[in-house]
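Below is one structure, written out as structure tokens, with a few remarks after it.
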Amino acid sequence: MTASNLKWAILALAGVLGSAQAADLERAVAIDGSRIDVRFTAEDFTVGLDELTAWVGRRARIVRDFYGRFPVPAARLLIRATDGHGVHGGREFPTSVPSITVTIGRDTTRAELDDDWVLVHEMVHLALPELADRHAWLEEGLAVYVEGVARAQAGNITPEEFWGGLVDDMPKGEPRAGDEGLDRTHTWGRTYWGGAIFCLQADLAIRERTGNRKGLEDALRAILIASGGDTTEWTIERVLQTGDRATGTDVLSGLYKEYGDSGQAVDLAAIWRKLGIARQGGQILFDDSAPLAATRNSITRRASP
């Protein structure tokens with residue numbers, strides 16, 4: 001575990017223990033053979049603790065369905081209460097039993113919970129081995145990209161919402177002047193959205209090489225099975241090579257060689273044209289005659305177990 005992650009893990013554990021001593025508010029969520037221990041810092045949520053616990057289960061099943069299993073056998077989740085509405089952020093801590101914290105407004109409704117992306121994002125982190133700090137772009141970029149794909153596959157958001165989010169936000173991940181590549185440039189945009197661009201490129205390239213028979217999800221499932229997820233530490237080369245073997249390609253390793261130390265731009269506009277995606281008048285429109293329209297549809301179609 002890196003020094004920075006160890007520091008945050010200690011703080012997270014202290015928060016979990018402190019909340020248990022203060023309120024002793026606990027629930028458990030079972031997902032197949034996995035267990036999530038949920039603790040709350042307060043009980044005065046408008047929707048109630050049982051509904052919040054059910055929401056945790058719904059989010060966990062979205063992640064389970066994408067990966068074919070919940071990433072880890074056991075996890076801890078601390079839900080912190082704050083004023084107002086909505087989920088105000090979260091963080092995952094890679095310990096032997098991974099911990100997640102999220103902060104939720106006491107007046108949050110069920111609809112607001114089900115519209116939120118934060119907990120799915122943090123749970124996706126559980127499925128990737130811990131990497132060196134300079135590769136945070138892969139950890140965060142995967143969580144950004146997979147969160148949207150998994151929610152679309154589960155019907156939690158529409159394909160239009162998923163693709164519209166990428167069209168609007170992926171330009172934030174494009175390199176700026178002086179960029180030295182994903183491993184060397186650690187701005188917020190490059191870390192989160194630059195990593196997500198890498199994942200989109202990988203998904204499209206894997207599908208192109210395999211005649212749309214396999215996608216990024218096949219690589220990620222293989223990485224999870226081989227590694228056990230965020231309870232282990234791997235090199236980025238091992239991660240990418242494991243994913244490549246699962247798809248029978250060298251897509252992940254090749255893209256890393258291309259973008260890890262190079263600040264070259266990606267022509268996102270060309271990608272949207274090939275996929276048949278356009279934003280017009282505030283709406284996302286699909287062109288099913290586009291060259292990669294079938295690929296676009298397959299990405300948001302529920303993955304096979």
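Going by the structure tokens order, chains are called A, B, ..., each with residues numbered from 1, while ligands are numbered from 1 in the order shown.
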Against stretch 48-54 of chain A, which residues of stretch 99-153 of chain A fall within 10 Å? For each one I want the closest pair of atoms and the distance in Å (one decimal), counting only C-alpha atoms, rows by chain and increasing residue number, as JSON lines.
{"residue": "A:Ile104", "atom": "CA", "partner": "A:Leu52", "partner_atom": "CA", "distance": 9.8}
{"residue": "A:Arg106", "atom": "CA", "partner": "A:Gly48", "partner_atom": "CA", "distance": 9.2}
{"residue": "A:Asp107", "atom": "CA", "partner": "A:Gly48", "partner_atom": "CA", "distance": 9.9}
{"residue": "A:Thr108", "atom": "CA", "partner": "A:Leu52", "partner_atom": "CA", "distance": 9.9}
{"residue": "A:Thr109", "atom": "CA", "partner": "A:Glu51", "partner_atom": "CA", "distance": 9.7}
{"residue": "A:Arg110", "atom": "CA", "partner": "A:Glu51", "partner_atom": "CA", "distance": 7.7}
{"residue": "A:Leu113", "atom": "CA", "partner": "A:Leu52", "partner_atom": "CA", "distance": 8.4}
Can you list, as a PyMOL selection string, every protein, DNA or RNA residue that comes within 6 Å of stretch 58-68 of chain A when you count only C-alpha atoms, leaving out same-chain residues fewer than 3 positions away?
chain A and resi 55+120+150+221+305
Grab the residues selected above and save them as a short mmCIF file (atom, residue, chain, number, x, y, z; two decimals), in the first residue's frame with N, CA and C atoms.
data_model
loop_
_atom_site.label_atom_id
_atom_site.label_comp_id
_atom_site.auth_asym_id
_atom_site.auth_seq_id
_atom_site.Cartn_x
_atom_site.Cartn_y
_atom_site.Cartn_z
N TRP A 55 -30.66 0.67 -0.96
CA TRP A 55 -29.96 1.40 -2.04
C TRP A 55 -28.54 0.88 -2.20
N VAL A 120 -21.53 3.73 -6.99
CA VAL A 120 -21.10 2.80 -8.04
C VAL A 120 -19.64 3.07 -8.40
N ALA A 150 -21.82 0.47 -16.62
CA ALA A 150 -22.55 -0.46 -15.77
C ALA A 150 -23.96 0.03 -15.47
N ARG A 221 -12.95 -8.23 -16.22
CA ARG A 221 -13.36 -9.42 -15.47
C ARG A 221 -12.17 -10.35 -15.25
N PRO A 305 -23.01 -13.05 -18.30
CA PRO A 305 -22.31 -13.48 -17.06
C PRO A 305 -20.98 -14.13 -17.40
#
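The two atoms in question, atom CA of A:Pro159 and atom CA of A:Glu92, are spaced 26.9 Å apart.
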Test item: residues at most 6 Å from A:Arg39, only C-alpha atoms, excluding those fewer than 4 positions along its chain, as a VMD selection string
chain A and resid 25 to 26 78
Non-local contacts of A:Gly243 (10 Å; only C-alpha atoms; under 3 positions in same chain excluded) as an MDAnalysis selection string
chainID A and resid 216:224 226 237:240 246:253
Take the residues from that selection and write them out as a short mmCIF file (atom, residue, chain, number, x, y, z; two decimals), in the first residue's frame, keeping C-alpha atoms.
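Written file, selection_26.cif:
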data_model
loop_
_atom_site.label_atom_id
_atom_site.label_comp_id
_atom_site.auth_asym_id
_atom_site.auth_seq_id
_atom_site.Cartn_x
_atom_site.Cartn_y
_atom_site.Cartn_z
CA LEU A 216 -13.21 -3.91 -22.16
CA GLU A 217 -15.51 -5.69 -19.70
CA ASP A 218 -13.93 -9.04 -20.66
CA ALA A 219 -10.47 -7.68 -19.87
CA LEU A 220 -11.64 -6.22 -16.56
CA ARG A 221 -13.36 -9.42 -15.47
CA ALA A 222 -10.18 -11.39 -16.15
CA ILE A 223 -8.10 -8.88 -14.18
CA LEU A 224 -10.48 -9.18 -11.23
CA ALA A 226 -6.67 -13.17 -11.51
CA GLU A 237 2.09 -3.84 -16.91
CA ARG A 238 0.72 -6.96 -15.21
CA VAL A 239 -2.78 -5.49 -15.16
CA LEU A 240 -2.76 -4.58 -18.84
CA ALA A 246 -8.37 -12.29 -21.95
CA THR A 247 -9.27 -10.51 -25.19
CA GLY A 248 -6.57 -12.08 -27.36
CA THR A 249 -5.26 -8.64 -28.31
CA ASP A 250 -2.52 -6.22 -27.31
CA VAL A 251 -4.86 -3.24 -27.13
CA LEU A 252 -4.31 -2.22 -23.52
CA SER A 253 -0.53 -2.56 -23.59
#
Hey, what's within 10 Å of A:Ser289 if we count only C-alpha atoms and toss same-chain stuff fewer than 2 positions away? As a short mmCIF file (atom, residue, chain, number, x, y, z; two decimals) with C-alpha atoms, in the first residue's frame, please?
data_model
loop_
_atom_site.label_atom_id
_atom_site.label_comp_id
_atom_site.auth_asym_id
_atom_site.auth_seq_id
_atom_site.Cartn_x
_atom_site.Cartn_y
_atom_site.Cartn_z
CA LYS A 274 -18.12 6.94 -36.14
CA LEU A 275 -20.34 5.92 -33.24
CA GLY A 276 -23.24 7.94 -34.64
CA PHE A 286 -28.15 8.45 -32.55
CA ASP A 287 -27.41 7.62 -36.18
CA PRO A 291 -19.92 2.76 -38.99
CA LEU A 292 -19.75 1.92 -35.27
CA ALA A 293 -23.44 2.09 -34.41
CA ALA A 294 -23.51 -1.63 -33.54
#
Quick check for you: according to DSSP on this backbone, which residues of stretch 17-256 of chain A are classed as helix (DSSP H, G or I)? Reply as a VMD selection string.
chain A and resid 17 to 23 49 to 67 110 to 114 118 to 125 133 to 153 159 to 173 188 to 209 216 to 227 229 to 231 236 to 247 251 to 256
Include C-alpha atoms and write out the residues we just selected as a short mmCIF file (atom, residue, chain, number, x, y, z; two decimals), in the first residue's frame.
data_model
loop_
_atom_site.label_atom_id
_atom_site.label_comp_id
_atom_site.auth_asym_id
_atom_site.auth_seq_id
_atom_site.Cartn_x
_atom_site.Cartn_y
_atom_site.Cartn_z
CA LEU A 17 -14.86 2.99 14.64
CA GLY A 18 -15.84 6.44 15.84
CA SER A 19 -19.29 6.19 14.28
CA ALA A 20 -19.84 2.75 15.79
CA GLN A 21 -18.99 4.05 19.26
CA ALA A 22 -21.23 7.09 18.83
CA ALA A 23 -24.34 5.45 17.46
CA LEU A 49 -31.82 3.40 7.29
CA ASP A 50 -33.58 0.41 5.73
CA GLU A 51 -34.05 2.28 2.45
CA LEU A 52 -30.46 3.46 2.48
CA THR A 53 -29.36 -0.12 3.03
CA ALA A 54 -31.54 -1.30 0.15
CA TRP A 55 -29.96 1.40 -2.04
CA VAL A 56 -26.51 0.06 -1.17
CA GLY A 57 -27.69 -3.36 -2.33
CA ARG A 58 -29.04 -1.97 -5.60
CA ARG A 59 -25.74 -0.22 -6.33
CA ALA A 60 -23.76 -3.33 -5.44
CA ARG A 61 -25.83 -5.43 -7.86
CA ILE A 62 -25.07 -3.00 -10.69
CA VAL A 63 -21.36 -3.59 -10.08
CA ARG A 64 -21.89 -7.34 -9.61
CA ASP A 65 -23.72 -7.64 -12.91
CA PHE A 66 -20.99 -5.82 -14.83
CA TYR A 67 -18.13 -7.89 -13.41
CA ARG A 110 -34.98 7.66 -3.00
CA ALA A 111 -35.10 9.19 -6.48
CA GLU A 112 -31.99 11.25 -5.71
CA LEU A 113 -30.21 8.15 -4.43
CA ASP A 114 -31.02 6.14 -7.52
CA VAL A 118 -20.90 8.13 -6.50
CA LEU A 119 -21.32 4.76 -4.77
CA VAL A 120 -21.10 2.80 -8.04
CA HIS A 121 -17.90 4.73 -8.87
CA GLU A 122 -16.35 3.85 -5.51
CA MET A 123 -17.39 0.19 -5.75
CA VAL A 124 -15.77 -0.09 -9.19
CA HIS A 125 -12.46 0.77 -7.49
CA ASP A 133 0.45 6.61 -7.55
CA ARG A 134 1.55 7.72 -11.01
CA HIS A 135 -1.08 5.40 -12.52
CA ALA A 136 -4.01 6.97 -10.67
CA TRP A 137 -5.39 7.94 -14.10
CA LEU A 138 -6.18 4.26 -14.78
CA GLU A 139 -7.83 3.72 -11.40
CA GLU A 140 -9.96 6.86 -11.66
CA GLY A 141 -10.53 6.71 -15.41
CA LEU A 142 -11.83 3.15 -15.16
CA ALA A 143 -14.14 4.11 -12.31
CA VAL A 144 -15.52 7.01 -14.37
CA TYR A 145 -16.04 4.96 -17.52
CA VAL A 146 -17.24 1.70 -15.98
CA GLU A 147 -19.65 3.47 -13.63
CA GLY A 148 -21.50 4.88 -16.64
CA VAL A 149 -21.38 1.68 -18.68
CA ALA A 150 -22.55 -0.46 -15.77
CA ARG A 151 -25.43 1.86 -14.92
CA ALA A 152 -26.51 1.97 -18.57
CA GLN A 153 -26.37 -1.81 -18.85
CA PRO A 159 -27.88 5.18 -23.37
CA GLU A 160 -28.55 8.82 -24.25
CA GLU A 161 -27.62 9.89 -20.73
CA PHE A 162 -24.46 7.78 -20.77
CA TRP A 163 -23.19 8.95 -24.15
CA GLY A 164 -24.29 12.52 -23.52
CA GLY A 165 -22.16 12.59 -20.38
CA LEU A 166 -19.11 11.42 -22.33
CA VAL A 167 -19.68 13.92 -25.14
CA ASP A 168 -19.96 16.76 -22.63
CA ASP A 169 -17.20 15.81 -20.19
CA MET A 170 -14.51 13.89 -22.06
CA PRO A 171 -12.96 17.08 -23.52
CA LYS A 172 -11.85 17.81 -19.95
CA GLY A 173 -9.41 14.92 -20.31
CA TRP A 188 -7.76 16.52 -12.29
CA GLY A 189 -8.95 16.50 -15.91
CA ARG A 190 -6.20 14.19 -17.15
CA THR A 191 -6.49 11.85 -14.15
CA TYR A 192 -10.25 11.32 -14.32
CA TRP A 193 -11.31 12.14 -17.87
CA GLY A 194 -7.99 11.42 -19.57
CA GLY A 195 -8.17 7.98 -18.01
CA ALA A 196 -11.76 7.63 -19.18
CA ILE A 197 -10.72 8.51 -22.74
CA PHE A 198 -8.11 5.74 -22.53
CA CYS A 199 -10.84 3.29 -21.45
CA LEU A 200 -13.21 4.32 -24.25
CA GLN A 201 -10.44 3.91 -26.81
CA ALA A 202 -9.60 0.50 -25.37
CA ASP A 203 -13.23 -0.64 -25.44
CA LEU A 204 -13.66 0.42 -29.06
CA ALA A 205 -10.35 -1.10 -30.19
CA ILE A 206 -11.00 -4.44 -28.47
CA ARG A 207 -14.42 -4.65 -30.09
CA GLU A 208 -12.96 -3.78 -33.47
CA ARG A 209 -10.21 -6.41 -33.19
CA LEU A 216 -13.21 -3.91 -22.16
CA GLU A 217 -15.51 -5.69 -19.70
CA ASP A 218 -13.93 -9.04 -20.66
CA ALA A 219 -10.47 -7.68 -19.87
CA LEU A 220 -11.64 -6.22 -16.56
CA ARG A 221 -13.36 -9.42 -15.47
CA ALA A 222 -10.18 -11.39 -16.15
CA ILE A 223 -8.10 -8.88 -14.18
CA LEU A 224 -10.48 -9.18 -11.23
CA ILE A 225 -10.47 -12.98 -11.29
CA ALA A 226 -6.67 -13.17 -11.51
CA SER A 227 -5.93 -10.49 -8.92
CA GLY A 229 -9.25 -6.79 -6.97
CA ASP A 230 -8.17 -3.98 -4.68
CA THR A 231 -6.93 -6.30 -1.93
CA ILE A 236 0.31 -1.60 -14.40
CA GLU A 237 2.09 -3.84 -16.91
CA ARG A 238 0.72 -6.96 -15.21
CA VAL A 239 -2.78 -5.49 -15.16
CA LEU A 240 -2.76 -4.58 -18.84
CA GLN A 241 -1.14 -7.83 -19.98
CA THR A 242 -3.72 -9.85 -18.04
CA GLY A 243 -6.51 -7.93 -19.74
CA ASP A 244 -4.90 -8.37 -23.15
CA ARG A 245 -4.65 -12.15 -22.73
CA ALA A 246 -8.37 -12.29 -21.95
CA THR A 247 -9.27 -10.51 -25.19
CA VAL A 251 -4.86 -3.24 -27.13
CA LEU A 252 -4.31 -2.22 -23.52
CA SER A 253 -0.53 -2.56 -23.59
CA GLY A 254 -0.37 -0.80 -26.95
CA LEU A 255 -2.46 2.16 -25.82
CA TYR A 256 -0.34 2.50 -22.69
#
Mind listing the strand (DSSP E) residues of stretch 19-236 of chain A, per DSSP on the backbone, as a ChimeraX atom specification?
/A:25-31,34-40,74-82,87-93,99-105
What is the atom CA of A:Val29-atom CA of A:His85 distance in Å, reported with one decimal?
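Straight-line distance from atom CA of A:Val29 to atom CA of A:His85 works out to 23.5 Å.
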Quote the spacing between atom CA of A:Thr232 and atom CA of A:Arg76 in Å to one decimal place.
16.7 Å
